>>> print(open('start_22.cif').read())   # mmCIF, C-alpha atoms
data_target
#
loop_
_atom_site.label_atom_id
_atom_site.label_comp_id
_atom_site.auth_asym_id
_atom_site.auth_seq_id
_atom_site.Cartn_x
_atom_site.Cartn_y
_atom_site.Cartn_z
CA MET C 1 -77.99 -2.89 -29.52
CA GLU C 2 -74.90 -2.74 -27.33
CA PRO C 3 -72.78 0.41 -27.51
CA MET C 4 -69.63 -0.01 -29.53
CA THR C 5 -66.43 0.19 -27.49
CA ILE C 6 -63.27 1.78 -28.81
CA ARG C 7 -61.52 -1.58 -28.82
CA SER C 8 -64.20 -3.22 -30.92
CA LEU C 9 -64.26 -0.18 -33.19
CA THR C 10 -60.49 -0.26 -33.81
CA HIS C 11 -60.65 -4.03 -34.28
CA ARG C 12 -63.36 -3.68 -36.90
CA LEU C 13 -61.62 -0.80 -38.58
CA SER C 14 -58.34 -2.70 -38.70
CA PRO C 15 -55.88 -1.70 -41.42
CA ALA C 16 -56.62 -4.79 -43.46
CA PHE C 17 -60.35 -4.11 -43.26
CA LEU C 18 -59.87 -0.51 -44.36
CA ALA C 19 -57.53 -1.61 -47.12
CA ALA C 20 -60.10 -4.06 -48.39
CA LEU C 21 -62.76 -1.37 -48.21
CA LEU C 22 -60.65 1.16 -50.09
CA CYS C 23 -59.31 -1.21 -52.72
CA GLY C 24 -62.53 -3.01 -53.57
CA CYS C 25 -61.48 -6.30 -51.91
CA ALA C 26 -58.45 -6.95 -54.14
CA SER C 27 -54.87 -5.93 -53.54
CA SER C 28 -52.28 -6.06 -56.28
CA VAL C 29 -48.61 -5.84 -55.35
CA PRO C 30 -46.13 -5.61 -58.22
CA VAL C 31 -42.75 -6.18 -56.57
CA ASP C 32 -40.45 -3.74 -58.27
CA ALA C 33 -37.01 -3.18 -56.76
CA THR C 34 -33.33 -2.92 -57.45
CA PHE C 35 -30.91 -5.25 -55.74
CA PRO C 36 -27.27 -4.55 -54.95
CA LYS C 37 -24.43 -6.50 -56.55
CA PRO C 38 -23.04 -8.95 -54.01
CA LEU C 39 -19.56 -8.32 -52.69
CA VAL C 40 -18.18 -11.80 -53.31
CA GLU C 41 -15.23 -13.29 -55.12
CA ALA C 42 -16.29 -14.53 -58.56
CA VAL C 43 -16.21 -18.31 -58.99
CA PRO C 44 -14.14 -19.20 -62.09
CA MET C 45 -17.01 -20.72 -64.05
CA ARG C 46 -18.67 -20.02 -67.39
CA VAL C 47 -22.37 -20.10 -66.67
CA GLY C 48 -25.48 -20.05 -68.84
CA LEU C 49 -28.55 -18.48 -67.23
CA LEU C 50 -31.94 -19.90 -68.07
CA PHE C 51 -34.78 -17.63 -66.89
CA ASP C 52 -38.00 -19.13 -68.23
CA SER C 53 -41.37 -17.35 -68.36
CA GLU C 54 -42.50 -19.13 -65.20
CA LEU C 55 -39.80 -17.19 -63.35
CA THR C 56 -39.96 -13.88 -65.20
CA SER C 57 -43.78 -13.67 -65.05
CA PHE C 58 -44.31 -15.29 -61.67
CA GLU C 59 -47.53 -14.21 -60.01
CA TYR C 60 -49.06 -15.51 -56.79
CA GLU C 61 -52.73 -15.12 -55.90
CA GLU C 62 -54.48 -15.95 -52.66
CA GLN C 63 -57.68 -15.04 -50.90
CA LEU C 64 -56.84 -14.66 -47.21
CA PRO C 65 -59.55 -15.49 -44.66
CA GLN C 66 -61.16 -12.29 -43.26
CA ASN C 67 -59.07 -10.32 -45.67
CA SER C 68 -58.99 -9.28 -49.30
CA LYS C 69 -57.71 -11.15 -52.34
CA TRP C 70 -54.03 -10.58 -52.90
CA SER C 71 -52.07 -10.78 -56.12
CA ILE C 72 -48.28 -10.53 -55.90
CA GLN C 73 -46.26 -10.13 -59.09
CA LEU C 74 -42.71 -11.28 -58.47
CA GLY C 75 -41.45 -11.74 -62.06
CA ASP C 76 -39.60 -8.43 -62.51
CA ALA C 77 -38.07 -8.71 -59.06
CA ASN C 78 -36.80 -12.22 -59.86
CA VAL C 79 -34.89 -10.91 -62.86
CA ALA C 80 -33.70 -7.81 -60.96
CA MET C 81 -32.36 -10.01 -58.17
CA PHE C 82 -30.82 -12.93 -60.09
CA ASN C 83 -29.10 -10.97 -62.88
CA PRO C 84 -26.69 -8.86 -60.77
CA LEU C 85 -26.28 -11.78 -58.39
CA PHE C 86 -25.05 -14.30 -60.97
CA ASN C 87 -23.10 -11.68 -62.92
CA SER C 88 -21.05 -10.98 -59.79
CA MET C 89 -20.80 -14.59 -58.66
CA PHE C 90 -19.23 -16.02 -61.82
CA THR C 91 -16.45 -14.90 -64.11
CA TYR C 92 -18.63 -15.30 -67.20
CA THR C 93 -22.40 -15.46 -67.69
CA ARG C 94 -24.75 -15.35 -70.65
CA SER C 95 -28.43 -16.06 -71.26
CA VAL C 96 -29.52 -19.34 -72.75
CA SER C 97 -32.99 -20.27 -73.90
CA ASN C 98 -33.10 -23.99 -73.21
CA VAL C 99 -31.35 -27.00 -71.73
CA PRO C 100 -29.77 -29.26 -73.06
CA LEU C 101 -27.84 -27.08 -75.46
CA GLU C 102 -26.86 -28.10 -78.95
CA GLU C 103 -23.12 -28.80 -79.30
CA SER C 104 -22.73 -25.64 -81.37
CA GLN C 105 -24.41 -23.48 -78.71
CA ARG C 106 -22.32 -24.61 -75.75
CA ASP C 107 -19.57 -22.04 -76.32
CA GLY C 108 -17.39 -23.38 -73.51
CA LEU C 109 -20.11 -23.10 -70.87
CA ASP C 110 -19.43 -25.14 -67.73
CA VAL C 111 -22.99 -25.25 -66.41
CA ILE C 112 -26.47 -23.84 -66.90
CA ILE C 113 -28.38 -22.47 -63.91
CA LYS C 114 -32.15 -22.46 -63.99
CA PRO C 115 -33.84 -20.82 -60.98
CA LEU C 116 -37.54 -21.36 -60.33
CA VAL C 117 -39.98 -20.33 -57.60
CA ASP C 118 -40.88 -23.52 -55.77
CA LYS C 119 -43.12 -22.12 -53.03
CA PHE C 120 -44.44 -18.74 -51.96
CA GLU C 121 -46.29 -17.91 -48.75
CA PHE C 122 -47.27 -14.70 -47.06
CA ASP C 123 -49.29 -13.47 -44.12
CA VAL C 124 -51.07 -10.18 -43.61
CA PRO C 125 -52.39 -9.81 -40.04
CA SER C 126 -56.11 -9.09 -39.89
CA GLY C 127 -56.41 -8.07 -36.24
CA ASP C 128 -54.10 -7.25 -33.33
CA ASP C 129 -52.31 -10.62 -33.53
CA SER C 130 -49.12 -9.35 -35.17
CA LYS C 131 -47.59 -6.10 -36.30
CA PHE C 132 -45.67 -7.66 -39.18
CA VAL C 133 -46.50 -8.65 -42.72
CA GLU C 134 -44.42 -11.72 -43.55
CA VAL C 135 -43.22 -13.31 -46.77
CA TRP C 136 -41.56 -16.70 -47.15
CA VAL C 137 -40.29 -17.89 -50.48
CA ARG C 138 -38.45 -21.00 -51.61
CA TYR C 139 -36.58 -21.16 -54.89
CA LYS C 140 -34.98 -24.13 -56.54
CA LEU C 141 -31.69 -23.58 -58.24
CA GLN C 142 -31.26 -26.30 -60.83
CA VAL C 143 -27.72 -26.64 -62.14
CA TYR C 144 -27.28 -28.60 -65.37
CA GLU C 145 -24.34 -29.63 -67.45
CA PRO C 146 -24.73 -28.26 -71.01
CA ASP C 147 -25.75 -31.74 -72.21
CA GLY C 148 -28.75 -31.64 -69.87
CA LYS C 149 -27.48 -33.74 -66.96
CA LEU C 150 -28.79 -32.40 -63.64
CA VAL C 151 -25.86 -31.67 -61.31
CA LEU C 152 -27.67 -29.94 -58.44
CA ASP C 153 -31.28 -29.27 -57.40
CA TRP C 154 -30.80 -26.87 -54.52
CA PRO C 155 -33.66 -25.37 -52.46
CA VAL C 156 -32.91 -21.85 -51.22
CA VAL C 157 -35.26 -20.07 -48.84
CA GLY C 158 -35.77 -16.45 -47.95
CA TYR C 159 -37.87 -14.80 -45.27
CA GLY C 160 -38.79 -11.17 -44.91
CA LYS C 161 -41.03 -9.17 -42.64
CA ALA C 162 -42.12 -5.56 -42.52
CA GLU C 163 -44.21 -3.50 -40.13
CA THR C 164 -47.89 -3.28 -41.02
CA GLY C 165 -49.06 -0.06 -42.63
CA LEU C 166 -51.50 2.43 -41.18
CA LEU C 167 -54.15 2.22 -43.88
CA ASN C 168 -52.98 -0.43 -46.27
CA ASN C 169 -50.53 -3.28 -46.19
CA GLN C 170 -49.51 -3.29 -49.84
CA GLY C 171 -46.36 -1.28 -49.12
CA SER C 172 -45.55 -3.56 -46.18
CA LEU C 173 -45.98 -6.66 -48.32
CA HIS C 174 -43.73 -5.13 -50.96
CA ARG C 175 -41.00 -4.42 -48.40
CA ALA C 176 -41.32 -7.91 -46.89
CA ALA C 177 -41.05 -9.52 -50.35
CA VAL C 178 -37.96 -7.46 -51.22
CA ARG C 179 -36.36 -8.49 -47.94
CA ALA C 180 -37.15 -12.15 -48.60
CA LEU C 181 -35.54 -11.90 -52.03
CA ARG C 182 -32.47 -10.17 -50.61
CA GLU C 183 -32.19 -13.05 -48.16
CA VAL C 184 -32.39 -15.57 -51.02
CA GLY C 185 -29.65 -13.68 -52.87
CA ALA C 186 -27.49 -13.60 -49.74
CA ASN C 187 -27.87 -17.35 -49.24
CA VAL C 188 -27.06 -18.11 -52.87
CA ALA C 189 -24.04 -15.79 -52.89
CA THR C 190 -22.54 -17.18 -49.69
CA GLU C 191 -23.43 -20.88 -49.99
CA PHE C 192 -23.34 -21.80 -53.67
CA ALA C 193 -19.67 -22.73 -53.69
CA THR C 194 -20.11 -24.91 -50.57
CA GLN C 195 -22.65 -27.27 -52.14
CA PRO C 196 -21.11 -30.78 -51.94
CA GLU C 197 -22.48 -31.77 -55.36
CA LEU C 198 -20.38 -29.01 -56.91
CA GLY C 199 -17.25 -29.77 -54.86
CA PRO C 200 -15.32 -32.03 -57.27
CA TRP C 201 -16.63 -30.08 -60.19
CA LEU C 202 -15.45 -26.74 -58.74
CA GLU C 203 -12.03 -28.29 -58.09
CA VAL C 204 -11.68 -29.02 -61.82
CA THR C 205 -12.39 -25.41 -62.75
CA LYS C 206 -10.07 -24.19 -59.99
CA ASP C 207 -7.26 -26.45 -61.25
CA ALA C 208 -7.83 -25.32 -64.82
CA THR C 209 -7.70 -21.67 -63.74
CA GLN C 210 -4.56 -22.35 -61.68
CA GLN C 211 -2.83 -24.01 -64.67
CA ALA C 212 -3.76 -21.09 -66.88
CA THR C 213 -2.25 -18.59 -64.43
CA ASP C 214 0.87 -20.63 -63.50
CA PRO C 215 4.10 -19.36 -65.08
CA LEU C 216 5.47 -21.51 -67.90
CA PRO C 217 8.25 -23.90 -66.85
CA GLN C 218 11.79 -22.75 -67.75
CA THR C 219 13.48 -24.82 -70.43
CA MET X 1 -76.01 38.65 -4.93
CA GLN X 2 -76.63 37.33 -8.43
CA ARG X 3 -73.09 38.39 -9.38
CA ASN X 4 -71.59 36.51 -6.35
CA LYS X 5 -73.40 33.31 -7.35
CA LEU X 6 -72.05 33.61 -10.88
CA GLN X 7 -68.51 34.16 -9.57
CA ILE X 8 -68.77 31.05 -7.33
CA HIS X 9 -70.09 29.01 -10.28
CA TYR X 10 -67.27 30.27 -12.48
CA ARG X 11 -64.65 29.39 -9.81
CA LYS X 12 -66.11 25.88 -9.46
CA LEU X 13 -65.88 25.38 -13.23
CA ASN X 14 -62.33 26.65 -13.21
CA VAL X 15 -61.32 24.26 -10.41
CA SER X 16 -62.95 21.31 -12.22
CA PHE X 17 -61.19 22.21 -15.46
CA LEU X 18 -57.84 22.49 -13.69
CA SER X 19 -58.32 19.16 -11.91
CA VAL X 20 -59.11 17.47 -15.26
CA VAL X 21 -55.97 18.99 -16.80
CA ALA X 22 -53.92 17.92 -13.76
CA MET X 23 -55.32 14.40 -13.98
CA LEU X 24 -54.50 14.19 -17.67
CA THR X 25 -51.00 15.58 -17.31
CA THR X 26 -50.16 13.18 -14.51
CA GLY X 27 -51.96 10.29 -16.16
CA CYS X 28 -50.32 10.81 -19.54
CA GLY X 29 -46.73 10.42 -18.36
CA VAL X 30 -43.45 8.94 -19.56
CA THR X 31 -40.81 7.40 -17.34
CA SER X 32 -37.43 6.67 -18.79
CA THR X 33 -34.33 4.72 -17.71
CA MET X 34 -31.03 4.73 -19.62
CA GLU X 35 -28.20 2.43 -18.57
CA PRO X 36 -24.91 2.92 -20.42
CA TYR X 37 -22.04 0.49 -19.97
CA LYS X 38 -18.79 1.45 -21.66
CA GLN X 39 -16.09 -1.21 -22.00
CA SER X 40 -13.33 0.86 -23.57
CA GLU X 41 -11.94 4.39 -23.56
CA MET X 42 -12.54 4.94 -27.26
CA VAL X 43 -13.72 8.33 -28.55
CA ILE X 44 -14.86 9.02 -32.10
CA ALA X 45 -12.27 11.02 -34.06
CA ASP X 46 -12.69 13.61 -36.83
CA GLY X 47 -13.61 11.96 -40.11
CA GLU X 48 -14.85 8.78 -38.44
CA ARG X 49 -18.47 7.85 -38.96
CA VAL X 50 -21.09 5.80 -37.18
CA VAL X 51 -23.83 3.62 -38.68
CA ILE X 52 -26.99 2.35 -36.99
CA LEU X 53 -28.43 -1.04 -38.00
CA SER X 54 -31.42 -2.82 -36.52
CA ARG X 55 -31.27 -6.49 -35.58
CA LYS X 56 -33.62 -8.36 -37.91
CA HIS X 57 -33.08 -12.00 -37.08
CA HIS X 58 -35.77 -12.31 -34.37
CA ALA X 59 -39.09 -13.80 -35.45
CA THR X 60 -41.17 -11.93 -32.86
CA HIS X 61 -39.81 -8.41 -32.85
CA GLU X 62 -37.59 -5.96 -34.65
CA ALA X 63 -36.49 -2.40 -33.96
CA GLU X 64 -38.75 -0.24 -36.10
CA ALA X 65 -37.27 1.52 -39.14
CA ASN X 66 -38.47 4.91 -37.88
CA ILE X 67 -36.57 4.68 -34.58
CA THR X 68 -33.34 3.74 -36.39
CA GLU X 69 -33.87 6.75 -38.62
CA CYS X 70 -34.81 8.99 -35.67
CA ILE X 71 -31.67 8.06 -33.70
CA GLY X 72 -29.49 8.64 -36.78
CA ASP X 73 -31.05 12.06 -37.41
CA SER X 74 -30.72 13.05 -33.74
CA LEU X 75 -27.07 11.95 -33.64
CA ALA X 76 -26.29 14.00 -36.74
CA SER X 77 -28.15 17.13 -35.61
CA GLY X 78 -26.83 20.09 -33.65
CA ASN X 79 -23.46 21.80 -33.44
CA ASP X 80 -21.99 18.70 -31.84
CA GLY X 81 -23.60 16.38 -34.41
CA LEU X 82 -21.72 13.25 -35.48
CA GLU X 83 -21.20 11.93 -38.99
CA VAL X 84 -23.81 9.23 -39.52
CA HIS X 85 -23.66 6.85 -42.50
CA PRO X 86 -27.08 6.03 -44.04
CA THR X 87 -28.27 2.58 -42.95
CA THR X 88 -29.56 1.27 -46.29
CA ALA X 89 -26.48 2.49 -48.16
CA PHE X 90 -24.28 0.60 -45.68
CA GLU X 91 -26.28 -2.64 -46.06
CA ASP X 92 -26.24 -2.32 -49.88
CA MET X 93 -22.54 -1.50 -50.00
CA LEU X 94 -21.70 -4.65 -48.01
CA TYR X 95 -24.42 -6.93 -49.40
CA PRO X 96 -24.74 -9.87 -48.63
CA TRP X 97 -22.73 -9.66 -45.38
CA PHE X 98 -25.14 -7.67 -43.19
CA GLU X 99 -28.41 -9.43 -44.08
CA PRO X 100 -30.36 -11.15 -41.25
CA SER X 101 -28.93 -14.60 -42.07
CA THR X 102 -25.34 -13.52 -42.62
CA ALA X 103 -24.75 -10.59 -40.24
CA PRO X 104 -22.40 -11.35 -37.34
CA LEU X 105 -24.27 -11.80 -34.08
CA THR X 106 -21.24 -11.42 -31.84
CA THR X 107 -17.87 -9.72 -32.10
CA GLU X 108 -16.32 -13.21 -32.28
CA GLU X 109 -18.04 -13.64 -35.66
CA LEU X 110 -17.05 -10.18 -36.89
CA PRO X 111 -13.47 -10.98 -38.07
CA GLU X 112 -14.83 -13.67 -40.38
CA VAL X 113 -17.06 -11.12 -42.12
CA LEU X 114 -14.32 -8.49 -42.20
CA ALA X 115 -12.02 -11.05 -43.83
CA GLN X 116 -14.34 -11.51 -46.82
CA PRO X 117 -12.86 -10.08 -50.04
CA GLY X 118 -13.48 -6.34 -50.29
CA VAL X 119 -15.39 -5.92 -47.03
CA SER X 120 -12.69 -4.22 -44.95
CA ASN X 121 -11.74 -1.93 -47.84
CA ARG X 122 -15.30 -0.79 -48.39
CA ILE X 123 -15.77 -0.10 -44.68
CA ALA X 124 -12.50 1.86 -44.58
CA ASP X 125 -13.50 3.86 -47.67
CA SER X 126 -16.88 4.73 -46.12
CA GLY X 127 -15.21 6.12 -42.99
CA VAL X 128 -17.46 4.03 -40.73
CA ARG X 129 -15.65 3.03 -37.55
CA TYR X 130 -18.53 2.41 -35.14
CA LEU X 131 -21.49 0.17 -35.77
CA VAL X 132 -24.51 0.47 -33.48
CA TRP X 133 -26.78 -2.59 -33.40
CA LEU X 134 -30.25 -1.62 -32.25
CA ASP X 135 -32.39 -4.39 -30.81
CA GLY X 136 -35.82 -4.15 -29.19
CA ALA X 137 -39.28 -2.77 -29.90
CA THR X 138 -42.10 -0.56 -28.67
CA ASP X 139 -45.18 -2.54 -27.64
CA ARG X 140 -48.52 -1.90 -26.01
CA VAL X 141 -48.37 -3.87 -22.77
CA ALA X 142 -51.65 -2.96 -21.03
CA SER X 143 -54.91 -1.19 -21.70
CA GLY X 144 -58.17 -0.59 -19.91
CA GLY X 145 -61.29 1.50 -19.51
CA GLY X 146 -63.74 1.98 -22.30
CA ILE X 147 -65.60 4.53 -24.31
CA SER X 148 -69.18 4.17 -25.41
CA CYS X 149 -70.45 6.03 -28.40
CA ALA X 150 -74.03 6.42 -29.53
CA ALA X 151 -75.78 8.15 -32.38
CA GLY X 152 -79.38 9.19 -32.79
CA ALA X 153 -81.63 11.65 -34.59
CA GLY X 154 -80.57 14.45 -32.23
CA GLY X 155 -76.84 13.91 -32.72
CA ALA X 156 -73.98 11.68 -31.68
CA GLY X 157 -71.51 11.54 -28.83
CA CYS X 158 -69.17 9.45 -26.72
CA LEU X 159 -68.64 9.05 -23.00
CA GLY X 160 -65.97 7.26 -21.00
CA LEU X 161 -62.25 6.98 -20.41
CA ALA X 162 -59.75 4.64 -22.07
CA TRP X 163 -56.07 4.25 -21.26
CA TRP X 164 -53.18 2.21 -22.51
CA GLN X 165 -49.52 1.72 -21.62
CA THR X 166 -46.65 1.30 -24.06
CA ASP X 167 -43.17 0.04 -23.25
CA ALA X 168 -40.16 0.89 -25.38
CA LYS X 169 -37.27 -1.44 -24.59
CA TYR X 170 -34.13 -1.14 -26.68
CA GLU X 171 -30.54 -2.19 -26.44
CA ALA X 172 -27.88 -0.41 -28.45
CA THR X 173 -24.65 -2.38 -28.78
CA ILE X 174 -21.68 -0.42 -30.07
CA TRP X 175 -18.99 -2.23 -32.04
CA ASP X 176 -15.60 -0.84 -33.00
CA LEU X 177 -15.07 -2.13 -36.55
CA GLN X 178 -11.39 -1.20 -36.57
CA ASP X 179 -10.59 -3.39 -33.56
CA ALA X 180 -13.42 -5.90 -34.18
CA SER X 181 -14.45 -5.47 -30.56
CA SER X 182 -17.43 -4.38 -28.51
CA ALA X 183 -17.19 -0.85 -27.10
CA GLY X 184 -20.22 -1.22 -24.83
CA THR X 185 -24.00 -1.16 -24.61
CA ILE X 186 -26.79 1.23 -23.71
CA ASN X 187 -30.09 -0.10 -22.41
CA ALA X 188 -33.18 2.06 -22.69
CA ASP X 189 -36.46 1.33 -20.94
CA VAL X 190 -39.20 3.88 -21.47
CA THR X 191 -42.79 3.49 -20.28
CA GLY X 192 -45.59 5.76 -21.35
CA LYS X 193 -49.22 5.92 -20.30
CA SER X 194 -51.75 7.44 -22.67
CA VAL X 195 -55.32 8.41 -21.79
CA MET X 196 -58.34 9.27 -23.89
CA PRO X 197 -61.28 10.83 -22.05
CA ALA X 198 -64.47 11.24 -24.03
CA ILE X 199 -67.15 13.74 -23.16
CA ILE X 200 -69.07 13.91 -26.42
CA ILE X 201 -65.77 14.01 -28.34
CA PRO X 202 -62.82 11.65 -27.52
CA LEU X 203 -59.66 13.64 -26.71
CA PRO X 204 -56.47 11.53 -27.01
CA PHE X 205 -53.50 12.47 -24.79
CA ILE X 206 -50.84 10.22 -26.21
CA ALA X 207 -47.52 9.54 -24.49
CA ARG X 208 -44.78 9.64 -27.12
CA THR X 209 -42.89 6.66 -25.75
CA LYS X 210 -40.88 5.81 -28.85
CA THR X 211 -39.86 9.42 -29.41
CA HIS X 212 -38.61 9.62 -25.81
CA ALA X 213 -36.66 6.39 -26.32
CA CYS X 214 -35.15 7.79 -29.53
CA LYS X 215 -34.08 11.09 -27.98
CA GLY X 216 -32.78 9.39 -24.84
CA LEU X 217 -30.74 6.84 -26.77
CA ALA X 218 -29.38 9.44 -29.20
CA ASP X 219 -28.27 11.75 -26.36
CA GLN X 220 -26.67 8.85 -24.52
CA LEU X 221 -24.96 7.58 -27.68
CA LYS X 222 -23.53 11.03 -28.33
CA VAL X 223 -22.02 11.10 -24.83
CA PHE X 224 -20.83 7.49 -25.24
CA LEU X 225 -19.01 8.20 -28.49
CA THR X 226 -17.56 11.59 -27.61
CA THR X 227 -16.37 11.23 -24.00
CA VAL X 228 -13.94 8.78 -22.43
CA GLU X 229 -16.28 8.01 -19.52
CA GLY X 230 -19.29 7.46 -21.83
#
>>> encode(input="start_22.cif", output="structure tokens")
Amino acid sequence: MEPMTIRSLTHRLSPAFLAALLCGCASSVPVDATFPKPLVEAVPMRVGLLFDSELTSFEYEEQLPQNSKWSIQLGDANVAMFNPLFNSMFTYTRSVSNVPLEESQRDGLDVIIKPLVDKFEFDVPSGDDSKFVEVWVRYKLQVYEPDGKLVLDWPVVGYGKAETGLLNNQGSLHRAAVRALREVGANVATEFATQPELGPWLEVTKDATQQATDPLPQT
Amino acid sequence: MQRNKLQIHYRKLNVSFLSVVAMLTTGCGVTSTMEPYKQSEMVIADGERVVILSRKHHATHEAEANITECIGDSLASGNDGLEVHPTTAFEDMLYPWFEPSTAPLTTEELPEVLAQPGVSNRIADSGVRYLVWLDGATDRVASGGGISCAAGAGGAGCLGLAWWQTDAKYEATIWDLQDASSAGTINADVTGKSVMPAIIIPLPFIARTKTHACKGLADQLKVFLTTVEG
């Protein structure tokens, strides 16, 4: 038997290997975080928010090659990110449970936004190839008129990375996921109002707001 | 006679021990270069604060969180310590304008961010005047040697010598948020060589490259922000 060199020893005892050893070959990462309110001017729109169970209980599982099985629970973080985001972005928001809405439930709402996780990917390095854990996530923001007509189906991506941990990468994956979600929030907050599909529609609400704030003509 | 032989033996051991120590102290060394370049005559005033943010938009590298923290702590420490605003609190306070995809990359892009509703007011309220962008990383660039370990019924042990070299390359770019201009840059290049001899037990002599880079950058930043010459 050949003597073991330090390099081969450290390679074999890589953080991911030790993590797998310590955690019984399964790593669970509940992403639990608070997100800041965005510092943006509120768009004058009355918005219904539809967070279905697919979003609020989202969980991603994957068995990485030469690594352990990972389970990432993103549901709570989705709610924690989207709620303060939309509440700051629009002048009025409230929860709705379905789309289309009955006439009696519309309550002057302009649109209904339904976010969903479209794709989730992550990478945990197993050797010396990288010193970052990475997370990439793509959401779809579906904007409906209250009668159910789809106005916008907008993909928004977020990427986050975090340095690998010494003994386990669960904390690193958590930090990378939070960063990816912050990035999604930043993109939504800064680019929502520039979506061409919403252009004419936003003009209508802007005009209506302008008329409401204009002084009455003198008689 | 017997006593003379023992003395000679003892001296030989002493010389060998000293030569090993000398080899390790010279082998485990850190060389450091700091290059400041100041573009203005600005000096931080009483009540003005500085914040340190790391550049996060590169796919391949990123200044580590612990060096950002280390530089902030070093800047704030001592009798001549500066007022340092916490990094995360600054990013949260101005979210989403200093995230990797939205943060200004140049001072030409800075006015656009400062013009966003509420941004300038929040910065003014926080007292932050200088923003230090930290870019770079500490990486292992070379390694060699080897250590063999074996275990048997009589015991276990290792023999050999391993070494590795780490490079810490960072660039600190200082922005004046009041004037939306660049005040200058400081480049730090620190190289450290670590060795680990093993005679039965491996003994690591690790060069603290990143710590040297942190201390060097913090000292240089303090001079940069408090003197006209920088």
>>> atom_distance(input="start_22.cif", atom1="atom CA of Trp164 of chain X", atom2="atom CA of Ala207 of chain X")
9.5 Å
>>> closest_residue(input="start_22.cif", among="X:Asp139, X:Asp167, X:Glu69, X:Glu35", to="chain C", atoms="all atoms listed in the file")
X:Asp139
>>> resolve_selection(input="start_22.cif", expression="the PyMOL selection byres ((chain X and resi 51) around 12)", output="JSON, numbers by chain")
{"X": [48, 49, 50, 52, 53, 54, 68, 69, 71, 72, 73, 75, 76, 82, 83, 84, 85, 86, 87, 88, 89, 90, 91, 123, 126, 127, 128, 129, 130, 131, 132, 133, 134, 172, 173, 174, 175, 176, 177, 221]}
>>> resolve_selection(input="start_22.cif", expression="the PyMOL selection byres ((chain C and resi 122) around 6)", output="MDAnalysis selection string")
chainID C and resid 121 123 134:135
>>> atom_distance(input="start_22.cif", atom1="atom CA of Lys69 of chain C", atom2="atom CA of Leu167 of chain C")
16.2 Å
>>> closest_atom_pairs(input="start_22.cif", of="chain X", to="chain C", cutoff="6 Å", atoms="all atoms listed in the file", output="Markdown table")
| residue | atom | partner | partner_atom | distance |
| --- | --- | --- | --- | --- |
| X:Asp92 | CA | C:Pro36 | CA | 5.6 |
| X:Tyr95 | CA | C:Pro38 | CA | 5.2 |
| X:Pro96 | CA | C:Ala186 | CA | 4.8 |
| X:Ile147 | CA | C:Thr5 | CA | 5.4 |
| X:Ser148 | CA | C:Thr5 | CA | 5.3 |
>>> closest_residue(input="start_22.cif", among="X:Leu110, X:Ala59, X:Ile44, X:Cys149", to="Ala180 of chain X", atoms="only C-alpha atoms")
X:Leu110
>>> resolve_selection(input="start_22.cif", expression="the PyMOL selection byres ((chain C and resi 63) around 12)", output="list in words")
Ala20, Cys25, Ala26, Ser27, Ser28, Tyr60, Glu61, Glu62, Leu64, Pro65, Gln66, Asn67, Ser68, Lys69, Trp70, Ser71, Ile72, Glu121, Phe122, Asp123 and Val124 of chain C
>>> atom_distance(input="start_22.cif", atom1="atom CA of Gly48 of chain C", atom2="atom CA of Val143 of chain C")
9.7 Å
>>> closest_residue(input="start_22.cif", among="X:Phe98, X:Ala162, X:Met93, X:Tyr170", to="Gly146 of chain X", atoms="all atoms listed in the file")
X:Ala162
>>> residues_around(input="start_22.cif", residues="Thr209 of chain X", least_positions_apart="5", cutoff="8 Å", atoms="all atoms listed in the file", output="list in words")
Val30, Thr138, Thr166, Asp167, Ala168, Val190, Thr191 and Gly192 of chain X
>>> residues_around(input="start_22.cif", residues="Ser57 of chain C", least_positions_apart="5", cutoff="12 Å", atoms="only C-alpha atoms", output="list in words")
Pro30, Val31, Phe51, Asp52, Ile72, Gln73, Leu74, Gly75, Asp76, Ala77, Asn78, Val79, Leu116 and Val117 of chain C
>>> build_atoms(input="start_22.cif", residues="segment 178-182 of chain C", atoms="N, CA, C and O atoms", output="mmCIF file, in the frame of the given file")
data_model
loop_
_atom_site.group_PDB
_atom_site.id
_atom_site.type_symbol
_atom_site.label_atom_id
_atom_site.label_comp_id
_atom_site.auth_asym_id
_atom_site.auth_seq_id
_atom_site.Cartn_x
_atom_site.Cartn_y
_atom_site.Cartn_z
ATOM 1 N N VAL C 178 -39.314 -7.879 -50.818
ATOM 2 C CA VAL C 178 -37.960 -7.460 -51.220
ATOM 3 C C VAL C 178 -36.927 -8.009 -50.235
ATOM 4 O O VAL C 178 -35.871 -8.506 -50.625
ATOM 5 N N ARG C 179 -37.276 -7.952 -48.958
ATOM 6 C CA ARG C 179 -36.360 -8.490 -47.940
ATOM 7 C C ARG C 179 -36.163 -9.998 -48.110
ATOM 8 O O ARG C 179 -35.053 -10.503 -47.954
ATOM 9 N N ALA C 180 -37.250 -10.698 -48.404
ATOM 10 C CA ALA C 180 -37.150 -12.150 -48.600
ATOM 11 C C ALA C 180 -36.237 -12.455 -49.784
ATOM 12 O O ALA C 180 -35.414 -13.374 -49.732
ATOM 13 N N LEU C 181 -36.380 -11.679 -50.851
ATOM 14 C CA LEU C 181 -35.540 -11.900 -52.030
ATOM 15 C C LEU C 181 -34.077 -11.565 -51.761
ATOM 16 O O LEU C 181 -33.167 -12.242 -52.247
ATOM 17 N N ARG C 182 -33.855 -10.499 -50.986
ATOM 18 C CA ARG C 182 -32.470 -10.170 -50.610
ATOM 19 C C ARG C 182 -31.846 -11.328 -49.837
ATOM 20 O O ARG C 182 -30.673 -11.649 -50.004
#
